[in-house]
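Chemist: Coordinates in final_7.pdb, PDB, C-alpha atoms, are listed below.
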```pdb
ATOM      1  CA  MET A   1     -30.767  16.006  16.971
ATOM      2  CA  SER A   2     -28.969  14.091  14.225
ATOM      3  CA  ARG A   3     -25.212  13.954  14.602
ATOM      4  CA  SER A   4     -22.733  14.062  11.732
ATOM      5  CA  PRO A   5     -20.919  10.871  10.660
ATOM      6  CA  ALA A   6     -17.663  12.408  11.929
ATOM      7  CA  PHE A   7     -19.135  13.000  15.393
ATOM      8  CA  ARG A   8     -20.558   9.473  15.611
ATOM      9  CA  ALA A   9     -17.265   8.000  14.423
ATOM     10  CA  ALA A  10     -15.452   9.925  17.163
ATOM     11  CA  LEU A  11     -17.881   8.529  19.773
ATOM     12  CA  TRP A  12     -17.243   4.991  18.576
ATOM     13  CA  MET A  13     -13.489   5.614  18.770
ATOM     14  CA  SER A  14     -13.781   6.771  22.382
ATOM     15  CA  GLY A  15     -15.256   3.359  23.204
ATOM     16  CA  SER A  16     -12.482   1.662  21.267
ATOM     17  CA  ILE A  17      -9.827   3.622  23.175
ATOM     18  CA  ALA A  18     -11.298   2.651  26.552
ATOM     19  CA  SER A  19     -11.576  -1.010  25.569
ATOM     20  CA  PHE A  20      -8.032  -1.275  24.204
ATOM     21  CA  SER A  21      -6.659   0.407  27.341
ATOM     22  CA  LEU A  22      -8.480  -2.005  29.666
ATOM     23  CA  MET A  23      -7.277  -4.918  27.565
ATOM     24  CA  ALA A  24      -3.684  -3.716  27.959
ATOM     25  CA  ILE A  25      -4.054  -3.591  31.741
ATOM     26  CA  ALA A  26      -5.492  -7.118  31.824
ATOM     27  CA  GLY A  27      -2.771  -8.408  29.511
ATOM     28  CA  LYS A  28      -0.116  -6.833  31.707
ATOM     29  CA  GLN A  29      -1.574  -8.619  34.738
ATOM     30  CA  ILE A  30      -1.408 -12.138  33.275
ATOM     31  CA  GLY A  31       1.279 -11.808  30.601
ATOM     32  CA  HIS A  32       3.798 -13.738  32.692
ATOM     33  CA  GLN A  33       1.346 -16.546  33.510
ATOM     34  CA  LEU A  34       0.085 -17.393  30.014
ATOM     35  CA  ASP A  35       1.804 -17.016  26.656
ATOM     36  CA  SER A  36       0.310 -14.826  23.934
ATOM     37  CA  PHE A  37      -1.185 -17.794  22.034
ATOM     38  CA  GLU A  38      -2.994 -19.030  25.162
ATOM     39  CA  ILE A  39      -4.302 -15.522  25.849
ATOM     40  CA  MET A  40      -5.531 -15.210  22.270
ATOM     41  CA  THR A  41      -7.259 -18.612  22.452
ATOM     42  CA  ALA A  42      -9.158 -17.685  25.626
ATOM     43  CA  ARG A  43      -9.937 -14.203  24.325
ATOM     44  CA  SER A  44     -11.363 -15.566  21.077
ATOM     45  CA  ALA A  45     -13.442 -18.247  22.833
ATOM     46  CA  ILE A  46     -15.019 -15.644  25.122
ATOM     47  CA  GLY A  47     -15.521 -13.241  22.244
ATOM     48  CA  PHE A  48     -17.133 -15.930  20.085
ATOM     49  CA  CYS A  49     -19.735 -16.668  22.765
ATOM     50  CA  LEU A  50     -20.451 -12.955  23.173
ATOM     51  CA  VAL A  51     -20.876 -12.467  19.417
ATOM     52  CA  LEU A  52     -23.379 -15.323  19.201
ATOM     53  CA  LEU A  53     -25.317 -13.961  22.185
ATOM     54  CA  LEU A  54     -25.377 -10.474  20.679
ATOM     55  CA  ALA A  55     -26.452 -11.737  17.257
ATOM     56  CA  ALA A  56     -29.207 -13.904  18.757
ATOM     57  CA  ALA A  57     -30.447 -11.156  21.083
ATOM     58  CA  THR A  58     -30.676  -8.625  18.247
ATOM     59  CA  GLY A  59     -32.073 -11.023  15.633
ATOM     60  CA  ARG A  60     -29.003 -10.702  13.416
ATOM     61  CA  LEU A  61     -27.861 -14.323  13.120
ATOM     62  CA  SER A  62     -28.860 -14.249   9.454
ATOM     63  CA  GLU A  63     -26.118 -11.672   8.820
ATOM     64  CA  ILE A  64     -23.472 -14.338   9.483
ATOM     65  CA  THR A  65     -22.694 -15.891   6.103
ATOM     66  CA  ALA A  66     -19.743 -17.549   4.394
ATOM     67  CA  ASP A  67     -19.437 -14.727   1.861
ATOM     68  CA  ARG A  68     -15.931 -13.330   1.332
ATOM     69  CA  LEU A  69     -14.250 -15.966   3.477
ATOM     70  CA  GLY A  70     -10.966 -15.236   1.734
ATOM     71  CA  GLY A  71     -11.109 -11.624   2.888
ATOM     72  CA  HIS A  72     -11.940 -12.658   6.435
ATOM     73  CA  LEU A  73      -9.118 -15.216   6.468
ATOM     74  CA  LEU A  74      -6.559 -12.699   5.239
ATOM     75  CA  ARG A  75      -7.708 -10.041   7.736
ATOM     76  CA  ASN A  76      -7.628 -12.445  10.652
ATOM     77  CA  LEU A  77      -4.233 -13.911   9.824
ATOM     78  CA  ILE A  78      -2.807 -10.389   9.711
ATOM     79  CA  HIS A  79      -4.550  -9.361  12.921
ATOM     80  CA  PHE A  80      -3.636 -12.566  14.767
ATOM     81  CA  THR A  81       0.033 -11.968  14.009
ATOM     82  CA  GLY A  82      -0.119  -8.332  15.097
ATOM     83  CA  GLN A  83      -2.071  -9.085  18.270
ATOM     84  CA  ASN A  84       0.357 -11.790  19.396
ATOM     85  CA  LEU A  85       3.294  -9.451  18.827
ATOM     86  CA  TRP A  86       1.428  -6.822  20.876
ATOM     87  CA  PHE A  87       0.760  -9.157  23.829
ATOM     88  CA  TRP A  88       4.368 -10.322  23.720
ATOM     89  CA  ALA A  89       5.718  -6.757  23.732
ATOM     90  CA  LEU A  90       3.360  -5.950  26.612
ATOM     91  CA  THR A  91       5.469  -8.129  28.921
ATOM     92  CA  MET A  92       8.801  -6.575  27.917
ATOM     93  CA  ILE A  93       8.475  -2.795  27.606
ATOM     94  CA  PRO A  94       6.526  -0.026  29.455
ATOM     95  CA  LEU A  95       2.926   0.615  28.455
ATOM     96  CA  ALA A  96       3.592   4.136  27.202
ATOM     97  CA  GLN A  97       6.464   2.970  25.014
ATOM     98  CA  LEU A  98       4.390   0.104  23.600
ATOM     99  CA  PHE A  99       1.508   2.401  22.763
ATOM    100  CA  ALA A 100       3.847   5.013  21.302
ATOM    101  CA  LEU A 101       5.300   2.470  18.890
ATOM    102  CA  GLU A 102       1.852   1.064  18.176
ATOM    103  CA  PHE A 103       0.771   4.558  17.159
ATOM    104  CA  THR A 104       2.901   4.411  14.055
ATOM    105  CA  GLN A 105      -0.021   2.450  12.557
ATOM    106  CA  PRO A 106      -2.122   5.557  11.748
ATOM    107  CA  ILE A 107       0.823   6.862   9.776
ATOM    108  CA  TRP A 108       0.829   3.690   7.697
ATOM    109  CA  VAL A 109      -2.951   3.848   7.283
ATOM    110  CA  ILE A 110      -2.867   7.460   6.096
ATOM    111  CA  LEU A 111      -0.079   6.682   3.618
ATOM    112  CA  LEU A 112      -1.467   3.349   2.397
ATOM    113  CA  SER A 113      -5.183   4.193   2.226
ATOM    114  CA  PRO A 114      -4.835   6.111  -1.079
ATOM    115  CA  LEU A 115      -3.272   3.016  -2.657
ATOM    116  CA  LEU A 116      -5.496   0.342  -1.103
ATOM    117  CA  LEU A 117      -8.758   2.172  -0.331
ATOM    118  CA  GLY A 118      -8.816   4.907  -2.949
ATOM    119  CA  GLU A 119      -8.876   7.685  -0.331
ATOM    120  CA  HIS A 120      -7.167  10.983  -1.102
ATOM    121  CA  LEU A 121      -3.863  11.867   0.545
ATOM    122  CA  THR A 122      -4.419  15.569   1.119
ATOM    123  CA  ARG A 123      -1.807  17.977   2.380
ATOM    124  CA  VAL A 124      -3.506  18.101   5.779
ATOM    125  CA  ARG A 125      -3.513  14.311   6.093
ATOM    126  CA  ALA A 126       0.141  14.174   5.090
ATOM    127  CA  LEU A 127       0.972  16.859   7.671
ATOM    128  CA  SER A 128      -1.034  14.958  10.287
ATOM    129  CA  ALA A 129       0.958  11.816   9.566
ATOM    130  CA  LEU A 130       4.230  13.722   9.740
ATOM    131  CA  LEU A 131       3.350  15.325  13.076
ATOM    132  CA  GLY A 132       2.239  11.958  14.417
ATOM    133  CA  PHE A 133       5.534  10.382  13.394
ATOM    134  CA  ILE A 134       7.538  13.199  14.997
ATOM    135  CA  GLY A 135       5.506  12.862  18.194
ATOM    136  CA  VAL A 136       6.089   9.119  18.353
ATOM    137  CA  ILE A 137       9.846   9.588  17.886
ATOM    138  CA  ILE A 138       9.861  12.129  20.726
ATOM    139  CA  VAL A 139       8.030   9.687  22.991
ATOM    140  CA  ALA A 140       9.909   6.498  22.123
ATOM    141  CA  ARG A 141      13.385   7.944  21.445
ATOM    142  CA  PRO A 142      14.501   4.586  20.001
ATOM    143  CA  ASP A 143      18.150   3.612  20.328
ATOM    144  CA  LEU A 144      18.883   2.155  16.911
ATOM    145  CA  GLY A 145      22.127   0.680  18.168
ATOM    146  CA  HIS A 146      20.479  -1.373  20.920
ATOM    147  CA  LEU A 147      17.049  -2.447  19.718
ATOM    148  CA  ASP A 148      15.536  -5.171  21.893
ATOM    149  CA  LEU A 149      12.925  -7.789  21.037
ATOM    150  CA  GLY A 150      10.180  -5.893  22.870
ATOM    151  CA  LEU A 151      10.673  -2.805  20.710
ATOM    152  CA  LEU A 152      10.820  -4.873  17.531
ATOM    153  CA  ALA A 153       7.647  -6.765  18.497
ATOM    154  CA  ALA A 154       5.823  -3.499  19.221
ATOM    155  CA  ALA A 155       6.942  -1.976  15.931
ATOM    156  CA  GLY A 156       5.920  -5.106  14.045
ATOM    157  CA  SER A 157       2.493  -5.148  15.678
ATOM    158  CA  ALA A 158       1.893  -1.585  14.462
ATOM    159  CA  LEU A 159       2.544  -2.566  10.870
ATOM    160  CA  PHE A 160       0.204  -5.560  11.089
ATOM    161  CA  PHE A 161      -2.495  -3.488  12.822
ATOM    162  CA  ALA A 162      -2.348  -0.911  10.043
ATOM    163  CA  ALA A 163      -2.856  -3.650   7.456
ATOM    164  CA  THR A 164      -5.707  -5.041   9.589
ATOM    165  CA  ASN A 165      -7.488  -1.673   9.650
ATOM    166  CA  ILE A 166      -7.251  -1.363   5.892
ATOM    167  CA  ALA A 167      -8.598  -4.908   5.445
ATOM    168  CA  THR A 168     -11.410  -4.083   7.894
ATOM    169  CA  LYS A 169     -12.357  -0.981   5.936
ATOM    170  CA  LYS A 170     -12.665  -3.117   2.797
ATOM    171  CA  LEU A 171     -14.803  -5.711   4.566
ATOM    172  CA  THR A 172     -17.236  -3.072   5.895
ATOM    173  CA  LYS A 173     -18.349  -2.607   2.278
ATOM    174  CA  GLY A 174     -20.787  -5.485   2.041
ATOM    175  CA  GLN A 175     -20.162  -7.265   5.358
ATOM    176  CA  SER A 176     -21.962  -6.505   8.607
ATOM    177  CA  ILE A 177     -20.058  -5.882  11.814
ATOM    178  CA  ILE A 178     -21.630  -9.010  13.328
ATOM    179  CA  ALA A 179     -20.264 -11.132  10.468
ATOM    180  CA  ILE A 180     -16.809  -9.569  10.757
ATOM    181  CA  LEU A 181     -16.673 -10.206  14.503
ATOM    182  CA  PHE A 182     -18.026 -13.758  14.133
ATOM    183  CA  TRP A 183     -15.258 -14.761  11.744
ATOM    184  CA  LEU A 184     -12.686 -12.794  13.762
ATOM    185  CA  THR A 185     -13.363 -14.756  16.933
ATOM    186  CA  LEU A 186     -13.939 -18.163  15.301
ATOM    187  CA  MET A 187     -10.871 -18.079  13.062
ATOM    188  CA  GLN A 188      -8.577 -16.651  15.697
ATOM    189  CA  PHE A 189      -9.728 -19.263  18.213
ATOM    190  CA  GLY A 190      -8.558 -21.892  15.734
ATOM    191  CA  PHE A 191      -5.257 -20.106  15.108
ATOM    192  CA  GLY A 192      -4.625 -19.646  18.831
ATOM    193  CA  LEU A 193      -5.486 -23.221  19.778
ATOM    194  CA  ALA A 194      -3.255 -24.672  17.069
ATOM    195  CA  ALA A 195      -0.347 -22.421  18.085
ATOM    196  CA  SER A 196      -0.868 -23.168  21.797
ATOM    197  CA  LEU A 197      -0.743 -26.929  21.181
ATOM    198  CA  ALA A 198       2.259 -26.741  18.863
ATOM    199  CA  ASP A 199       4.776 -27.148  21.709
ATOM    200  CA  GLY A 200       2.747 -29.870  23.415
ATOM    201  CA  VAL A 201       2.101 -27.751  26.498
ATOM    202  CA  ILE A 202      -0.958 -25.613  27.214
ATOM    203  CA  HIS A 203      -1.760 -23.785  30.441
ATOM    204  CA  LEU A 204      -5.452 -23.734  31.300
ATOM    205  CA  PRO A 205      -7.051 -20.677  32.932
ATOM    206  CA  THR A 206      -7.108 -20.561  36.728
ATOM    207  CA  LEU A 207      -9.475 -18.853  39.152
ATOM    208  CA  ALA A 208      -6.834 -16.145  39.589
ATOM    209  CA  ASN A 209      -6.403 -15.229  35.921
ATOM    210  CA  LEU A 210      -9.861 -16.112  34.567
ATOM    211  CA  PRO A 211     -11.373 -12.676  35.424
ATOM    212  CA  TRP A 212      -8.542 -10.980  33.519
ATOM    213  CA  LEU A 213      -9.140 -13.263  30.538
ATOM    214  CA  VAL A 214     -12.820 -12.307  30.598
ATOM    215  CA  VAL A 215     -11.826  -8.621  30.550
ATOM    216  CA  ILE A 216      -9.518  -9.290  27.585
ATOM    217  CA  GLY A 217     -12.226 -11.224  25.735
ATOM    218  CA  PHE A 218     -14.947  -8.645  26.392
ATOM    219  CA  CYS A 219     -12.791  -5.595  25.691
ATOM    220  CA  GLY A 220     -11.221  -7.199  22.636
ATOM    221  CA  LEU A 221     -14.692  -7.654  21.186
ATOM    222  CA  THR A 222     -16.043  -4.227  22.119
ATOM    223  CA  ALA A 223     -12.860  -2.550  20.885
ATOM    224  CA  HIS A 224     -13.246  -4.130  17.456
ATOM    225  CA  TYR A 225     -16.976  -3.468  17.336
ATOM    226  CA  ALA A 226     -16.387   0.213  18.110
ATOM    227  CA  LEU A 227     -13.448   0.501  15.701
ATOM    228  CA  THR A 228     -15.315  -1.241  12.879
ATOM    229  CA  SER A 229     -18.359   0.968  13.480
ATOM    230  CA  ALA A 230     -16.181   4.067  13.267
ATOM    231  CA  LEU A 231     -14.575   2.834  10.047
ATOM    232  CA  SER A 232     -18.023   2.260   8.526
ATOM    233  CA  LEU A 233     -18.904   5.921   9.191
ATOM    234  CA  ALA A 234     -15.750   7.782   8.204
ATOM    235  CA  PRO A 235     -12.540   7.438   6.171
ATOM    236  CA  ALA A 236      -9.769   5.374   7.753
ATOM    237  CA  SER A 237      -7.392   8.318   7.568
ATOM    238  CA  TYR A 238      -9.818  10.283   9.804
ATOM    239  CA  VAL A 239     -10.743   7.499  12.244
ATOM    240  CA  ILE A 240      -7.390   5.917  13.012
ATOM    241  CA  PRO A 241      -5.483   9.051  14.130
ATOM    242  CA  LEU A 242      -8.081   9.551  16.888
ATOM    243  CA  ASP A 243      -6.584   6.499  18.550
ATOM    244  CA  PHE A 244      -3.558   8.647  19.481
ATOM    245  CA  LEU A 245      -5.614   9.796  22.469
ATOM    246  CA  ARG A 246      -4.716   6.519  24.175
ATOM    247  CA  LEU A 247      -1.131   7.673  24.666
ATOM    248  CA  PRO A 248      -1.455  10.139  27.571
ATOM    249  CA  LEU A 249      -4.148   7.934  29.139
ATOM    250  CA  ILE A 250      -1.963   4.832  29.200
ATOM    251  CA  ALA A 251       1.065   6.808  30.414
ATOM    252  CA  VAL A 252      -0.900   7.806  33.523
ATOM    253  CA  VAL A 253      -2.176   4.234  33.966
ATOM    254  CA  GLY A 254       1.367   2.877  33.764
ATOM    255  CA  ALA A 255       2.566   5.361  36.352
ATOM    256  CA  VAL A 256      -0.267   4.729  38.806
ATOM    257  CA  LEU A 257      -0.561   0.941  38.530
ATOM    258  CA  TYR A 258       2.956  -0.169  37.620
ATOM    259  CA  ALA A 259       5.197   2.665  38.866
ATOM    260  CA  GLU A 260       6.380   3.354  35.330
ATOM    261  CA  PRO A 261       8.029   6.804  35.230
ATOM    262  CA  LEU A 262       6.048   9.716  33.816
ATOM    263  CA  ASP A 263       8.544  10.703  31.185
ATOM    264  CA  PRO A 264       8.102  14.381  30.156
ATOM    265  CA  PHE A 265       8.985  13.361  26.600
ATOM    266  CA  VAL A 266       5.775  11.308  26.538
ATOM    267  CA  PHE A 267       3.676  14.431  27.067
ATOM    268  CA  ALA A 268       5.805  16.560  24.731
ATOM    269  CA  GLY A 269       5.345  13.972  22.014
ATOM    270  CA  ALA A 270       1.636  13.685  22.809
ATOM    271  CA  ALA A 271       1.250  17.456  22.337
ATOM    272  CA  VAL A 272       2.773  17.183  18.850
ATOM    273  CA  ILE A 273       0.535  14.204  18.063
ATOM    274  CA  PHE A 274      -2.566  16.069  19.224
ATOM    275  CA  CYS A 275      -1.701  18.934  16.873
ATOM    276  CA  GLY A 276      -1.696  16.500  13.990
ATOM    277  CA  ILE A 277      -4.991  14.962  15.095
ATOM    278  CA  TRP A 278      -6.659  18.347  15.447
ATOM    279  CA  LEU A 279      -5.557  19.493  12.014
ATOM    280  CA  ASN A 280      -6.914  16.320  10.450
ATOM    281  CA  VAL A 281     -10.203  16.448  12.370
ATOM    282  CA  ARG A 282     -10.785  20.111  11.454
ATOM    283  CA  ALA A 283     -10.134  19.370   7.788
ATOM    284  CA  GLU A 284     -12.365  16.281   7.676
ATOM    285  CA  ILE A 285     -15.347  17.255   9.802
ATOM    286  CA  GLY A 286     -16.559  20.141   7.629
ATOM    287  CA  PRO A 287     -16.924  18.246   4.324
ATOM    288  CA  MET A 288     -18.437  15.244   6.119
ATOM    289  CA  ARG A 289     -21.179  17.416   7.620
ATOM    290  CA  ASN A 290     -22.155  18.554   4.147
ATOM    291  CA  THR A 291     -22.131  15.069   2.658
ATOM    292  CA  LYS A 292     -25.446  13.241   2.748
ATOM    293  CA  THR A 293     -24.777   9.625   3.690
ATOM    294  CA  SER A 294     -27.192   6.804   4.247
ATOM    295  CA  LYS A 295     -27.216   5.192   7.662
ATOM    296  CA  PRO A 296     -25.254   1.920   7.580
ATOM    297  CA  SER A 297     -27.467  -1.033   8.366
ATOM    298  CA  ASP A 298     -24.802  -2.696  10.512
ATOM    299  CA  VAL A 299     -24.170   0.129  12.982
ATOM    300  CA  ALA A 300     -26.057   0.245  16.246
ATOM    301  CA  SER A 301     -28.079   3.447  16.708
TER     302      SER A 301
END
```
Let me see the structure of the file written as structure tokens.

Modeler:
Amino acid sequence: MSRSPAFRAALWMSGSIASFSLMAIAGKQIGHQLDSFEIMTARSAIGFCLVLLLAAATGRLSEITADRLGGHLLRNLIHFTGQNLWFWALTMIPLAQLFALEFTQPIWVILLSPLLLGEHLTRVRALSALLGFIGVIIVARPDLGHLDLGLLAAAGSALFFAATNIATKKLTKGQSIIAILFWLTLMQFGFGLAASLADGVIHLPTLANLPWLVVIGFCGLTAHYALTSALSLAPASYVIPLDFLRLPLIAVVGAVLYAEPLDPFVFAGAAVIFCGIWLNVRAEIGPMRNTKTSKPSDVAS
């Protein structure tokens, strides 16, 4: 039975959530052994090889072209900055707090998508953004008088990720997912290598941290493939709030693996966030079922 675009987008987002969560665990494991630039270099190298293998195996190498290089460059510069801030924050603050601050990005996407993507800011979407913001504040409870670098890095990564998602949505109109991922990995390998060599010192992978780097490279690629697929099926203001589901998941992971306290405010805030997500999903899924859309050529069936 054919599924609606909203349902398929939600399935893709579930894969993105799992991949981003595994990547956070791997980054936490090696964050004190390699700096963020070295992690990004290894991640991009592994991802680049995987993209080429996938494109060759599926006969899609011809989709990789030099069209819209300016758009790819802008997207990848923005994402590279946000991802390095994210890996840096990962070593300084608890997982749940990092993800809570990262989750301000859907708020920015919902508010900016009408200006940059031409999507409508409905009352339900605005309410969803407001509830999401309130939930994040409940979870993070930031002390404005004593902000540390970890909190600032996490907040900055959210802003850059929101801009990345908007740039991705624009690129999905005319660019295949394979092409987007090819330029993502190739360009960010160059950025990471240059930044890693800037101080004259680079730490090579070891047998101990290489498996974690492989997890980061694989999950970084699958996370972006799933996210880009979801964005090609549904509006950004519908897709991105689904990522809030990572919050309770990562709170449990942090407690089990790293003895991070299970703060009741995390779950109280998550409940508020879920209310916002549910309102937005209910409002979006009905019209999308009734809208006849052609199947995107760059989304795996």

Chemist: Using Å and a single decimal, report how far CA of Phe244 in chain A sits from CA of Ile134 in chain A.

Modeler: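 Value for the CA of Ile134 in chain A-CA of Phe244 in chain A distance: 12.8 Å.
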
Chemist: For the PyMOL selection byres ((chain A and resi 75-89) around 8), applied here, can you spell out every residue it catches as a compact mmCIF listing (two decimals) with C-alpha atoms, in the frame of the given file?

Modeler:
```txt
# COMPACT_ATOMS: atom_id res chain seq x y z
CA GLY A 27 -2.77 -8.41 29.51
CA GLY A 31 1.28 -11.81 30.60
CA ASP A 35 1.80 -17.02 26.66
CA SER A 36 0.31 -14.83 23.93
CA PHE A 37 -1.18 -17.79 22.03
CA MET A 40 -5.53 -15.21 22.27
CA GLY A 71 -11.11 -11.62 2.89
CA HIS A 72 -11.94 -12.66 6.44
CA LEU A 73 -9.12 -15.22 6.47
CA LEU A 74 -6.56 -12.70 5.24
CA LEU A 90 3.36 -5.95 26.61
CA THR A 91 5.47 -8.13 28.92
CA MET A 92 8.80 -6.58 27.92
CA ILE A 93 8.48 -2.80 27.61
CA LEU A 98 4.39 0.10 23.60
CA LEU A 149 12.92 -7.79 21.04
CA GLY A 150 10.18 -5.89 22.87
CA LEU A 151 10.67 -2.80 20.71
CA ALA A 153 7.65 -6.76 18.50
CA ALA A 154 5.82 -3.50 19.22
CA GLY A 156 5.92 -5.11 14.04
CA SER A 157 2.49 -5.15 15.68
CA ALA A 158 1.89 -1.58 14.46
CA LEU A 159 2.54 -2.57 10.87
CA PHE A 160 0.20 -5.56 11.09
CA PHE A 161 -2.50 -3.49 12.82
CA ALA A 163 -2.86 -3.65 7.46
CA THR A 164 -5.71 -5.04 9.59
CA ALA A 167 -8.60 -4.91 5.44
CA THR A 168 -11.41 -4.08 7.89
CA LEU A 184 -12.69 -12.79 13.76
CA MET A 187 -10.87 -18.08 13.06
CA GLN A 188 -8.58 -16.65 15.70
CA PHE A 191 -5.26 -20.11 15.11
```

Chemist: Just say which residues the PyMOL selection byres ((chain A and resi 205-222) around 8) picks in this file, as a ChimeraX atom specification.

Modeler: /A:15-16,19-20,22-23,26-27,29-30,39,42-47,50,181,203-204,223-226

Chemist: So which one's closest to Ala6 in chain A, A:Leu247, A:Ala283, A:Leu186, A:Val201? Using all atoms listed in the file, please.

Modeler: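 For Ala6 in chain A, the nearest of the given residues is A:Ala283.
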
Chemist: Do a neighbour search on Leu111 in chain A at 10 Å with all atoms listed in the file, toss out local chain neighbours closer than 4 positions, and write the hits as a list in words.

Modeler: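 Everything that qualifies: Gln105, Pro106, Ile107, Leu115, Leu116, Glu119, His120, Leu121, Arg125, Ala126, Ala129 and Ser237 of chain A.
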
Chemist: Quick one: which residues end up in the PyMOL selection byres ((chain A and resi 243) around 12) for this structure, as a PyMOL selection string?

Modeler: chain A and resi 9-21+99-100+102-107+132+223+226-227+230+236-242+244-250+270+273-274+277

Chemist: From the list A:Val139, A:Ser232, A:Asn280, A:Leu52, which residue is nearest Pro264 in chain A when using only C-alpha atoms?

Modeler: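 Of the candidates, the smallest distance to Pro264 in chain A is held by A:Val139.
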
Chemist: Would you work out the distance separating CA of Val109 in chain A from CA of Ile177 in chain A, expressed in Å to one decimal?

Modeler: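 That distance, rounded to one decimal, is 20.2 Å.
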
Chemist: What would range 219-237 of chain A look like with N, CA and C atoms in place, written as an mmCIF file, keeping the file's coordinate frame?

Modeler:
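Output file part.cif follows:
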```
data_model
loop_
_atom_site.group_PDB
_atom_site.id
_atom_site.type_symbol
_atom_site.label_atom_id
_atom_site.label_comp_id
_atom_site.auth_asym_id
_atom_site.auth_seq_id
_atom_site.Cartn_x
_atom_site.Cartn_y
_atom_site.Cartn_z
ATOM 1 N N CYS A 219 -13.321 -6.849 26.236
ATOM 2 C CA CYS A 219 -12.791 -5.595 25.691
ATOM 3 C C CYS A 219 -12.243 -5.772 24.282
ATOM 4 N N GLY A 220 -11.677 -6.955 23.998
ATOM 5 C CA GLY A 220 -11.221 -7.199 22.636
ATOM 6 C C GLY A 220 -12.369 -7.146 21.648
ATOM 7 N N LEU A 221 -13.520 -7.678 22.057
ATOM 8 C CA LEU A 221 -14.692 -7.654 21.186
ATOM 9 C C LEU A 221 -15.263 -6.251 21.048
ATOM 10 N N THR A 222 -15.462 -5.566 22.182
ATOM 11 C CA THR A 222 -16.043 -4.227 22.119
ATOM 12 C C THR A 222 -15.117 -3.244 21.409
ATOM 13 N N ALA A 223 -13.807 -3.427 21.572
ATOM 14 C CA ALA A 223 -12.860 -2.550 20.885
ATOM 15 C C ALA A 223 -13.003 -2.679 19.374
ATOM 16 N N HIS A 224 -13.119 -3.911 18.901
ATOM 17 C CA HIS A 224 -13.246 -4.130 17.456
ATOM 18 C C HIS A 224 -14.609 -3.709 16.941
ATOM 19 N N TYR A 225 -15.654 -3.921 17.753
ATOM 20 C CA TYR A 225 -16.976 -3.468 17.336
ATOM 21 C C TYR A 225 -16.986 -1.952 17.172
ATOM 22 N N ALA A 226 -16.414 -1.252 18.158
ATOM 23 C CA ALA A 226 -16.387 0.213 18.110
ATOM 24 C C ALA A 226 -15.519 0.708 16.958
ATOM 25 N N LEU A 227 -14.344 0.082 16.775
ATOM 26 C CA LEU A 227 -13.448 0.501 15.701
ATOM 27 C C LEU A 227 -14.076 0.255 14.333
ATOM 28 N N THR A 228 -14.688 -0.927 14.154
ATOM 29 C CA THR A 228 -15.315 -1.241 12.879
ATOM 30 C C THR A 228 -16.491 -0.315 12.602
ATOM 31 N N SER A 229 -17.251 0.028 13.636
ATOM 32 C CA SER A 229 -18.359 0.968 13.480
ATOM 33 C C SER A 229 -17.851 2.337 13.038
ATOM 34 N N ALA A 230 -16.754 2.780 13.646
ATOM 35 C CA ALA A 230 -16.181 4.067 13.267
ATOM 36 C C ALA A 230 -15.705 4.056 11.817
ATOM 37 N N LEU A 231 -15.077 2.939 11.414
ATOM 38 C CA LEU A 231 -14.575 2.834 10.047
ATOM 39 C C LEU A 231 -15.710 2.785 9.025
ATOM 40 N N SER A 232 -16.886 2.299 9.442
ATOM 41 C CA SER A 232 -18.023 2.260 8.526
ATOM 42 C C SER A 232 -18.660 3.636 8.361
ATOM 43 N N LEU A 233 -18.312 4.585 9.228
ATOM 44 C CA LEU A 233 -18.904 5.921 9.191
ATOM 45 C C LEU A 233 -17.992 6.976 8.571
ATOM 46 N N ALA A 234 -16.688 6.735 8.612
ATOM 47 C CA ALA A 234 -15.750 7.782 8.204
ATOM 48 C C ALA A 234 -14.515 7.163 7.567
ATOM 49 N N PRO A 235 -13.762 7.949 6.790
ATOM 50 C CA PRO A 235 -12.540 7.438 6.171
ATOM 51 C C PRO A 235 -11.532 6.947 7.203
ATOM 52 N N ALA A 236 -10.764 5.922 6.838
ATOM 53 C CA ALA A 236 -9.769 5.374 7.753
ATOM 54 C C ALA A 236 -8.745 6.423 8.167
ATOM 55 N N SER A 237 -8.392 7.308 7.251
ATOM 56 C CA SER A 237 -7.392 8.318 7.568
ATOM 57 C C SER A 237 -7.911 9.386 8.532
#
```
